[in-house]
file my_file-v9.tsv (TSV, C-alpha atoms (C1' of nucleotides))
chain	number	residue	atom	x	y	z
A	1	MET	CA	5.59	28.19	30.45
A	2	LYS	CA	5.82	31.89	29.83
A	3	GLU	CA	8.47	31.56	27.19
A	4	ARG	CA	8.57	35.24	26.50
A	5	ASN	CA	9.62	36.05	30.06
A	6	LYS	CA	12.66	33.86	29.92
A	7	PRO	CA	15.99	34.86	28.43
A	8	LYS	CA	15.87	34.12	24.73
A	9	LYS	CA	17.55	30.83	24.14
A	10	GLY	CA	17.84	29.69	20.57
A	11	ARG	CA	17.18	26.23	19.33
A	12	THR	CA	19.20	25.43	16.23
A	13	LEU	CA	16.88	24.51	13.39
A	14	PRO	CA	16.80	20.75	12.74
A	15	ALA	CA	18.07	19.32	9.46
A	16	SER	CA	14.49	18.47	8.52
A	17	PHE	CA	13.62	22.18	8.36
A	18	TYR	CA	15.65	22.55	5.19
A	19	LEU	CA	14.51	19.38	3.45
A	20	GLU	CA	10.99	20.68	2.81
A	21	SER	CA	10.39	20.42	-0.93
A	22	ASP	CA	8.41	23.65	-1.24
A	23	VAL	CA	10.98	26.45	-1.15
A	24	VAL	CA	8.21	29.07	-0.98
A	25	LEU	CA	6.99	27.51	2.24
A	26	VAL	CA	10.49	27.56	3.70
A	27	ALA	CA	10.86	31.21	2.74
A	28	LYS	CA	7.77	32.00	4.81
A	29	ARG	CA	8.88	29.83	7.71
A	30	LEU	CA	12.23	31.61	7.88
A	31	LEU	CA	10.46	34.82	8.88
A	32	GLY	CA	10.88	35.24	12.63
A	33	LYS	CA	13.87	32.89	12.81
A	34	PHE	CA	17.24	34.21	14.00
A	35	LEU	CA	20.42	34.25	11.97
A	36	VAL	CA	23.49	34.38	14.18
A	37	THR	CA	27.10	34.54	13.06
A	38	ASN	CA	30.29	33.93	14.97
A	39	ILE	CA	32.96	35.28	12.68
A	40	ASP	CA	36.37	36.69	13.59
A	41	GLY	CA	35.50	36.32	17.25
A	42	ILE	CA	32.50	38.60	17.00
A	43	ARG	CA	29.02	37.24	17.66
A	44	THR	CA	26.21	39.05	15.88
A	45	GLY	CA	22.66	38.21	15.01
A	46	GLY	CA	19.14	39.27	14.28
A	47	MET	CA	15.65	38.20	13.35
A	48	ILE	CA	14.86	37.51	9.72
A	49	VAL	CA	12.04	39.80	8.59
A	50	GLU	CA	12.24	39.50	4.80
A	51	THR	CA	13.02	36.64	2.41
A	52	GLU	CA	12.74	35.65	-1.23
A	53	ALA	CA	12.32	32.16	-2.65
A	54	TYR	CA	14.34	30.96	-5.65
A	55	ALA	CA	13.06	27.74	-7.13
A	56	GLY	CA	16.18	26.51	-8.91
A	57	VAL	CA	16.01	24.79	-12.28
A	58	THR	CA	12.59	26.03	-13.33
A	59	ASP	CA	12.94	29.60	-12.05
A	60	ARG	CA	14.34	32.09	-14.55
A	61	ALA	CA	15.40	34.36	-11.69
A	62	SER	CA	17.56	31.67	-10.10
A	63	HIS	CA	21.26	31.30	-10.80
A	64	ALA	CA	20.57	27.59	-11.18
A	65	PHE	CA	17.91	28.06	-13.88
A	66	GLY	CA	18.13	25.41	-16.55
A	67	ASN	CA	20.20	23.23	-14.25
A	68	ARG	CA	23.20	25.49	-14.64
A	69	ARG	CA	25.76	23.80	-12.47
A	70	THR	CA	28.89	25.88	-12.13
A	71	LYS	CA	31.54	26.52	-9.57
A	72	ARG	CA	29.46	29.34	-8.10
A	73	THR	CA	26.10	27.56	-8.08
A	74	GLU	CA	27.42	24.18	-6.98
A	75	VAL	CA	26.60	24.83	-3.30
A	76	MET	CA	22.92	25.17	-4.15
A	77	TYR	CA	22.98	21.55	-5.26
A	78	ALA	CA	24.08	20.41	-1.83
A	79	LYS	CA	21.58	19.00	0.66
A	80	GLY	CA	19.59	21.77	2.34
A	81	GLY	CA	21.05	23.37	5.44
A	82	VAL	CA	24.08	25.23	4.12
A	83	ALA	CA	24.61	28.83	3.07
A	84	TYR	CA	24.91	30.02	-0.52
A	85	VAL	CA	26.79	33.32	-0.56
A	86	TYR	CA	27.85	35.15	-3.68
A	87	LEU	CA	29.25	38.51	-4.67
A	88	CYS	CA	26.83	40.87	-6.36
A	89	TYR	CA	27.75	44.01	-8.29
A	90	GLY	CA	31.35	43.44	-7.30
A	91	MET	CA	30.86	44.69	-3.76
A	92	TYR	CA	28.06	43.07	-1.81
A	93	ALA	CA	27.79	39.55	-0.49
A	94	LEU	CA	24.23	38.18	-0.62
A	95	THR	CA	23.28	35.42	1.78
A	96	ASN	CA	20.96	32.53	0.93
A	97	VAL	CA	19.68	29.45	2.75
A	98	VAL	CA	19.97	26.32	0.63
A	99	THR	CA	16.93	24.04	0.84
A	100	HIS	CA	15.55	20.76	-0.50
A	101	SER	CA	17.42	17.51	-0.96
A	102	ARG	CA	20.71	17.00	-2.72
A	103	ASP	CA	20.82	17.93	-6.40
A	104	VAL	CA	17.75	20.19	-6.19
A	105	PRO	CA	19.16	23.75	-6.17
A	106	HIS	CA	16.50	25.64	-4.25
A	107	ALA	CA	17.46	28.60	-2.06
A	108	VAL	CA	16.00	31.42	0.00
A	109	LEU	CA	17.60	34.87	-0.08
A	110	ILE	CA	17.71	36.69	3.25
A	111	ARG	CA	16.71	40.27	2.49
A	112	GLY	CA	15.92	41.87	5.83
A	113	LEU	CA	17.17	41.49	9.39
A	114	GLN	CA	16.10	43.09	12.64
A	115	PRO	CA	19.28	43.54	14.73
A	116	ALA	CA	19.15	41.61	18.00
A	117	GLU	CA	22.58	40.96	19.38
A	118	GLY	CA	26.16	42.08	18.87
A	119	ILE	CA	25.02	45.49	17.69
A	120	ALA	CA	28.46	46.97	18.42
A	121	GLY	CA	30.09	44.32	16.27
A	122	MET	CA	27.68	44.98	13.43
A	123	LEU	CA	28.31	48.70	13.58
A	124	LYS	CA	32.04	48.11	13.48
A	125	ARG	CA	31.80	45.88	10.41
A	126	SER	CA	29.58	48.40	8.65
A	127	GLY	CA	31.82	51.32	9.52
A	128	LYS	CA	29.05	53.13	11.37
A	129	SER	CA	29.04	54.72	14.81
A	130	LYS	CA	25.34	54.40	15.45
A	131	ILE	CA	22.36	52.59	14.03
A	132	ALA	CA	21.28	54.43	10.92
A	133	PRO	CA	17.83	53.95	9.43
A	134	ARG	CA	17.63	50.65	7.58
A	135	PHE	CA	20.99	49.58	8.99
A	136	THR	CA	20.40	45.92	8.14
A	137	ALA	CA	17.48	46.38	5.74
A	138	GLY	CA	18.70	44.88	2.48
A	139	PRO	CA	20.58	41.71	1.54
A	140	GLY	CA	23.95	43.38	1.01
A	141	LEU	CA	23.71	45.44	4.17
A	142	LEU	CA	22.79	42.63	6.51
A	143	SER	CA	25.44	40.34	5.10
A	144	ARG	CA	28.06	42.98	5.70
A	145	ALA	CA	26.86	43.64	9.26
A	146	LEU	CA	26.98	39.94	10.05
A	147	GLY	CA	30.45	39.57	8.55
A	148	ILE	CA	29.30	37.07	5.92
A	149	LEU	CA	31.57	36.81	2.89
A	150	PRO	CA	31.42	34.87	-0.39
A	151	SER	CA	34.15	32.64	1.02
A	152	HIS	CA	31.62	31.41	3.58
A	153	SER	CA	29.50	29.87	0.86
A	154	GLY	CA	28.84	26.22	1.62
A	155	LEU	CA	29.16	26.50	5.40
A	156	PRO	CA	26.51	24.68	7.45
A	157	LEU	CA	23.77	26.73	9.13
A	158	SER	CA	24.10	24.64	12.26
A	159	GLY	CA	27.32	26.27	13.36
A	160	PRO	CA	29.96	27.03	14.37
A	161	LYS	CA	30.24	30.17	12.23
A	162	LEU	CA	26.67	30.40	10.99
A	163	VAL	CA	23.61	29.41	12.99
A	164	LEU	CA	19.90	29.57	12.24
A	165	GLU	CA	17.75	29.42	15.35
A	166	ASP	CA	14.16	29.28	16.46
A	167	ARG	CA	13.62	31.51	19.48
A	168	GLY	CA	9.94	30.94	19.81
A	169	VAL	CA	8.80	33.85	17.66
A	170	VAL	CA	5.64	32.92	15.80
A	171	VAL	CA	4.73	34.77	12.61
A	172	ALA	CA	1.10	34.20	11.71
A	173	GLU	CA	0.03	33.77	8.09
A	174	ASP	CA	-1.85	37.08	8.17
A	175	GLU	CA	1.32	38.89	9.24
A	176	ILE	CA	3.11	37.83	6.06
A	177	VAL	CA	3.10	40.19	3.10
A	178	ALA	CA	3.80	38.58	-0.28
A	179	SER	CA	4.96	40.60	-3.30
A	180	PRO	CA	7.06	40.20	-6.46
A	181	ARG	CA	10.79	39.74	-6.01
A	182	VAL	CA	13.18	42.65	-6.27
A	183	GLY	CA	15.72	43.27	-9.01
A	184	VAL	CA	14.86	40.31	-11.18
A	185	ASP	CA	13.36	42.06	-14.19
A	186	TYR	CA	15.55	39.92	-16.43
A	187	ALA	CA	13.50	36.88	-15.40
A	188	GLY	CA	10.56	37.61	-17.70
A	189	GLU	CA	7.35	35.95	-16.54
A	190	ASP	CA	8.98	34.66	-13.37
A	191	ALA	CA	9.72	38.21	-12.23
A	192	ARG	CA	6.05	38.55	-11.36
A	193	LEU	CA	5.85	35.60	-9.01
A	194	PRO	CA	4.92	36.83	-5.50
A	195	TRP	CA	7.84	35.13	-3.81
A	196	ARG	CA	9.12	37.97	-1.68
A	197	PHE	CA	7.89	37.74	1.89
A	198	ARG	CA	7.95	40.36	4.62
A	199	ILE	CA	6.67	40.61	8.15
A	200	LEU	CA	3.78	43.06	8.05
A	201	GLY	CA	4.80	46.53	9.15
A	202	ASN	CA	8.32	45.57	10.17
A	203	TYR	CA	10.73	48.47	9.95
A	204	TRP	CA	13.74	46.38	8.99
A	205	THR	CA	12.64	45.28	5.54
A	206	SER	CA	14.58	46.29	2.42
A	207	PRO	CA	14.01	49.67	0.71
A	208	ALA	CA	12.81	48.57	-2.71
A	209	SER	CA	9.13	47.83	-2.86
B	1	DA	C1'	41.21	36.39	-24.29
B	2	DT	C1'	37.67	39.58	-24.07
B	3	DG	C1'	33.10	41.67	-23.25
B	4	DT	C1'	28.86	41.84	-20.67
B	5	DC	C1'	26.24	42.18	-16.69
B	6	DG	C1'	24.41	41.51	-12.20
B	7	DA	C1'	19.04	38.45	-6.46
B	8	DT	C1'	22.65	46.27	-4.56
B	9	DT	C1'	23.65	50.50	-2.35
B	10	DT	C1'	24.88	55.20	-2.24
B	11	DG	C1'	25.51	59.79	-3.45
B	12	DC	C1'	24.59	63.54	-6.31
B	13	DT	C1'	21.49	66.23	-9.44
C	1	DG	C1'	15.44	59.89	-9.97
C	2	DC	C1'	19.65	58.27	-12.03
C	3	DA	C1'	24.16	56.59	-12.54
C	4	DA	C1'	28.52	55.12	-10.56
C	5	DA	C1'	31.07	51.79	-7.94
C	6	DT	C1'	33.63	47.30	-8.76
C	7	DC	C1'	34.79	42.39	-9.83
C	8	DG	C1'	34.03	37.68	-10.67
C	9	DA	C1'	31.24	34.59	-13.15
C	10	DC	C1'	29.72	33.45	-17.36
C	11	DA	C1'	29.25	33.41	-22.45
C	12	DT	C1'	31.34	33.71	-26.69
C	13	DA	C1'	35.41	33.04	-29.65
call {"tool": "encode", "arguments": {"input": "my_file-v9.tsv", "output": "structure tokens"}}
result
Amino acid sequence: MKERNKPKKGRTLPASFYLESDVVLVAKRLLGKFLVTNIDGIRTGGMIVETEAYAGVTDRASHAFGNRRTKRTEVMYAKGGVAYVYLCYGMYALTNVVTHSRDVPHAVLIRGLQPAEGIAGMLKRSGKSKIAPRFTAGPGLLSRALGILPSHSGLPLSGPKLVLEDRGVVVAEDEIVASPRVGVDYAGEDARLPWRFRILGNYWTSPAS
DNA sequence: ATGTCGATTTGCT
DNA sequence: GCAAATCGACATA
């Protein structure tokens, strides 16, 4: 079974993947998984190389801190396995994976993607003619390249528009770099939690460090 | 009704 | 390195 010599065939992640109660663990497990979108007839996708965990109610950095249940955050309260997408700074959509059971608003922000398929489509969406450095390195950039919009918030990650797949890539524990999350200075103590995870040495991780 | 501010990115100094 | 871009969600009234 030389899996690596076969064409890469993705296996959609099972519902159980998202029900794990430890969102930090899910954030690590998402490294090496593939996020594929099929939006406006264009199929694009890549490997997740950077994530951040947001632990809901008790996490000052989370939009759901203090059990703040609003129109925007409502999707995070859904059962794990859907996307939470919101508009940041008025111009960038940020994509999250909702985890845990219903009514527990945990989520994992996808911060870095290594382009894998549909490169032409991604370039078109980003208004570029060739792959620039850090093309999909950053949550706003990768969301744009994949065509993900705030209106897609709440869609399942098991298709048809959004799909999260396992393609057999294994990321060992010692290949995972943990560090504090980015851009959450407002979160006080919680801003120091080492809940940002990257694949060691991967080029496609976000700029801020 | 109004004011503040972002889980970012880019361009200019 | 710093500030602008840009708009909806949220808080306050």
call {"tool": "residues_around", "arguments": {"input": "my_file-v9.tsv", "residues": "DC10 in chain C", "least_positions_apart": "6", "cutoff": "10 Å", "atoms": "only C-alpha atoms (C1' of nucleotides)", "output": "list of chain:residue names"}}
result
A:Thr70, B:DT4, B:DC5
call {"tool": "residues_near_point", "arguments": {"input": "my_file-v9.tsv", "point": "(14.2, 37.0, -11.3)", "cutoff": "9 Å", "atoms": "only C-alpha atoms (C1' of nucleotides)", "output": "JSON, numbers by chain"}}
result
{"A": [54, 59, 60, 61, 62, 181, 182, 183, 184, 185, 186, 187, 188, 189, 190, 191, 192, 193], "B": [7]}
call {"tool": "atom_distance", "arguments": {"input": "my_file-v9.tsv", "atom1": "CA of Gly56 in chain A", "atom2": "CA of Gly159 in chain A"}}
result
24.9 Å
call {"tool": "closest_atom_pairs", "arguments": {"input": "my_file-v9.tsv", "of": "chain C", "to": "chain A", "cutoff": "8 Å", "atoms": "all atoms listed in the file", "output": "Markdown table"}}
result
| residue | atom | partner | partner_atom | distance |
| --- | --- | --- | --- | --- |
| C:DT6 | C1' | A:Gly90 | CA | 4.7 |
| C:DC7 | C1' | A:Gly90 | CA | 4.4 |
| C:DG8 | C1' | A:Gly90 | CA | 7.2 |
| C:DA9 | C1' | A:Arg72 | CA | 7.5 |
call {"tool": "residues_around", "arguments": {"input": "my_file-v9.tsv", "residues": "DT10 in chain B", "least_positions_apart": "3", "cutoff": "12 Å", "atoms": "only C-alpha atoms (C1' of nucleotides)", "output": "ChimeraX atom specification"}}
result
/A:141 /C:2-5
call {"tool": "closest_residue", "arguments": {"input": "my_file-v9.tsv", "among": "A:Arg167, A:His63, A:Arg29, A:His152", "to": "Ala107 in chain A", "atoms": "all atoms listed in the file"}}
result
A:His63
call {"tool": "decode", "arguments": {"input": "my_file-v9.tsv", "residues": "chain C", "atoms": "N, CA, C and O atoms (P, O5', C5', C4', C3', O3' and C1' of nucleotides)", "output": "PDB file, in the first residue's frame"}}
result
ATOM      1  P    DG C   1      10.161  46.995  12.544  1.00  0.00           P
ATOM      2  O5'  DG C   1       9.240  48.269  12.284  1.00  0.00           O
ATOM      3  C5'  DG C   1       9.798  49.478  12.799  1.00  0.00           C
ATOM      4  C4'  DG C   1       8.853  50.633  12.504  1.00  0.00           C
ATOM      5  C3'  DG C   1       7.450  50.439  13.066  1.00  0.00           C
ATOM      6  O3'  DG C   1       6.991  51.683  13.557  1.00  0.00           O
ATOM      7  C1'  DG C   1       7.332  50.668  10.696  1.00  0.00           C
ATOM      8  P    DC C   2       5.786  51.773  14.516  1.00  0.00           P
ATOM      9  O5'  DC C   2       4.787  52.703  13.681  1.00  0.00           O
ATOM     10  C5'  DC C   2       5.307  53.689  12.783  1.00  0.00           C
ATOM     11  C4'  DC C   2       4.195  54.161  11.861  1.00  0.00           C
ATOM     12  C3'  DC C   2       2.794  54.058  12.469  1.00  0.00           C
ATOM     13  O3'  DC C   2       2.048  55.189  12.098  1.00  0.00           O
ATOM     14  C1'  DC C   2       2.875  52.810  10.467  1.00  0.00           C
ATOM     15  P    DA C   3       0.748  55.606  12.942  1.00  0.00           P
ATOM     16  O5'  DA C   3      -0.286  55.871  11.754  1.00  0.00           O
ATOM     17  C5'  DA C   3       0.141  56.549  10.586  1.00  0.00           C
ATOM     18  C4'  DA C   3      -0.744  56.138   9.424  1.00  0.00           C
ATOM     19  C3'  DA C   3      -2.231  56.121   9.754  1.00  0.00           C
ATOM     20  O3'  DA C   3      -2.941  56.587   8.631  1.00  0.00           O
ATOM     21  C1'  DA C   3      -1.576  54.007   8.977  1.00  0.00           C
ATOM     22  P    DA C   4      -4.433  57.140   8.843  1.00  0.00           P
ATOM     23  O5'  DA C   4      -5.031  56.791   7.407  1.00  0.00           O
ATOM     24  C5'  DA C   4      -4.154  56.803   6.270  1.00  0.00           C
ATOM     25  C4'  DA C   4      -4.660  55.807   5.244  1.00  0.00           C
ATOM     26  C3'  DA C   4      -6.185  55.737   5.143  1.00  0.00           C
ATOM     27  O3'  DA C   4      -6.560  55.591   3.794  1.00  0.00           O
ATOM     28  C1'  DA C   4      -5.335  53.592   5.691  1.00  0.00           C
ATOM     29  P    DA C   5      -8.064  55.876   3.350  1.00  0.00           P
ATOM     30  O5'  DA C   5      -8.540  54.422   2.909  1.00  0.00           O
ATOM     31  C5'  DA C   5      -7.700  53.641   2.079  1.00  0.00           C
ATOM     32  C4'  DA C   5      -8.291  52.249   1.964  1.00  0.00           C
ATOM     33  C3'  DA C   5      -9.818  52.233   2.012  1.00  0.00           C
ATOM     34  O3'  DA C   5     -10.306  51.292   1.081  1.00  0.00           O
ATOM     35  C1'  DA C   5      -8.955  50.853   3.717  1.00  0.00           C
ATOM     36  P    DT C   6     -11.739  51.521   0.423  1.00  0.00           P
ATOM     37  O5'  DT C   6     -12.698  50.751   1.434  1.00  0.00           O
ATOM     38  C5'  DT C   6     -12.603  49.333   1.526  1.00  0.00           C
ATOM     39  C4'  DT C   6     -13.587  48.842   2.572  1.00  0.00           C
ATOM     40  C3'  DT C   6     -14.910  49.625   2.558  1.00  0.00           C
ATOM     41  O3'  DT C   6     -15.972  48.729   2.764  1.00  0.00           O
ATOM     42  C1'  DT C   6     -13.967  49.713   4.693  1.00  0.00           C
ATOM     43  P    DC C   7     -17.409  49.116   2.101  1.00  0.00           P
ATOM     44  O5'  DC C   7     -18.418  48.387   3.083  1.00  0.00           O
ATOM     45  C5'  DC C   7     -18.198  47.012   3.414  1.00  0.00           C
ATOM     46  C4'  DC C   7     -18.682  46.768   4.834  1.00  0.00           C
ATOM     47  C3'  DC C   7     -19.937  47.581   5.206  1.00  0.00           C
ATOM     48  O3'  DC C   7     -20.786  46.765   6.015  1.00  0.00           O
ATOM     49  C1'  DC C   7     -18.310  47.907   6.800  1.00  0.00           C
ATOM     50  P    DG C   8     -22.118  46.141   5.330  1.00  0.00           P
ATOM     51  O5'  DG C   8     -22.469  44.953   6.339  1.00  0.00           O
ATOM     52  C5'  DG C   8     -21.501  43.937   6.540  1.00  0.00           C
ATOM     53  C4'  DG C   8     -21.313  43.682   8.019  1.00  0.00           C
ATOM     54  C3'  DG C   8     -22.609  43.723   8.827  1.00  0.00           C
ATOM     55  O3'  DG C   8     -22.489  42.741   9.830  1.00  0.00           O
ATOM     56  C1'  DG C   8     -21.110  45.269   9.738  1.00  0.00           C
ATOM     57  P    DA C   9     -23.794  42.032  10.373  1.00  0.00           P
ATOM     58  O5'  DA C   9     -23.287  41.679  11.832  1.00  0.00           O
ATOM     59  C5'  DA C   9     -21.932  41.285  12.006  1.00  0.00           C
ATOM     60  C4'  DA C   9     -21.447  41.775  13.348  1.00  0.00           C
ATOM     61  C3'  DA C   9     -22.495  41.685  14.455  1.00  0.00           C
ATOM     62  O3'  DA C   9     -21.850  41.179  15.592  1.00  0.00           O
ATOM     63  C1'  DA C   9     -21.650  43.871  14.355  1.00  0.00           C
ATOM     64  P    DC C  10     -22.737  40.482  16.720  1.00  0.00           P
ATOM     65  O5'  DC C  10     -22.567  41.533  17.892  1.00  0.00           O
ATOM     66  C5'  DC C  10     -21.232  41.907  18.280  1.00  0.00           C
ATOM     67  C4'  DC C  10     -21.231  43.249  18.961  1.00  0.00           C
ATOM     68  C3'  DC C  10     -22.297  43.398  20.051  1.00  0.00           C
ATOM     69  O3'  DC C  10     -21.635  43.522  21.295  1.00  0.00           O
ATOM     70  C1'  DC C  10     -22.082  45.372  18.706  1.00  0.00           C
ATOM     71  P    DA C  11     -22.447  43.478  22.649  1.00  0.00           P
ATOM     72  O5'  DA C  11     -22.221  44.977  23.146  1.00  0.00           O
ATOM     73  C5'  DA C  11     -20.938  45.580  23.007  1.00  0.00           C
ATOM     74  C4'  DA C  11     -21.014  47.053  23.384  1.00  0.00           C
ATOM     75  C3'  DA C  11     -21.950  47.345  24.565  1.00  0.00           C
ATOM     76  O3'  DA C  11     -21.343  48.320  25.395  1.00  0.00           O
ATOM     77  C1'  DA C  11     -22.671  48.561  22.650  1.00  0.00           C
ATOM     78  P    DT C  12     -22.007  48.676  26.801  1.00  0.00           P
ATOM     79  O5'  DT C  12     -22.513  50.160  26.594  1.00  0.00           O
ATOM     80  C5'  DT C  12     -21.762  51.048  25.746  1.00  0.00           C
ATOM     81  C4'  DT C  12     -22.612  52.263  25.408  1.00  0.00           C
ATOM     82  C3'  DT C  12     -23.644  52.652  26.476  1.00  0.00           C
ATOM     83  O3'  DT C  12     -23.618  54.061  26.680  1.00  0.00           O
ATOM     84  C1'  DT C  12     -24.703  52.460  24.405  1.00  0.00           C
ATOM     85  P    DA C  13     -24.516  54.789  27.810  1.00  0.00           P
ATOM     86  O5'  DA C  13     -25.638  55.497  26.965  1.00  0.00           O
ATOM     87  C5'  DA C  13     -25.328  56.234  25.781  1.00  0.00           C
ATOM     88  C4'  DA C  13     -26.612  56.787  25.205  1.00  0.00           C
ATOM     89  C3'  DA C  13     -27.708  57.040  26.250  1.00  0.00           C
ATOM     90  O3'  DA C  13     -28.328  58.301  26.025  1.00  0.00           O
ATOM     91  C1'  DA C  13     -28.582  55.741  24.521  1.00  0.00           C
TER      92       DA C  13
END
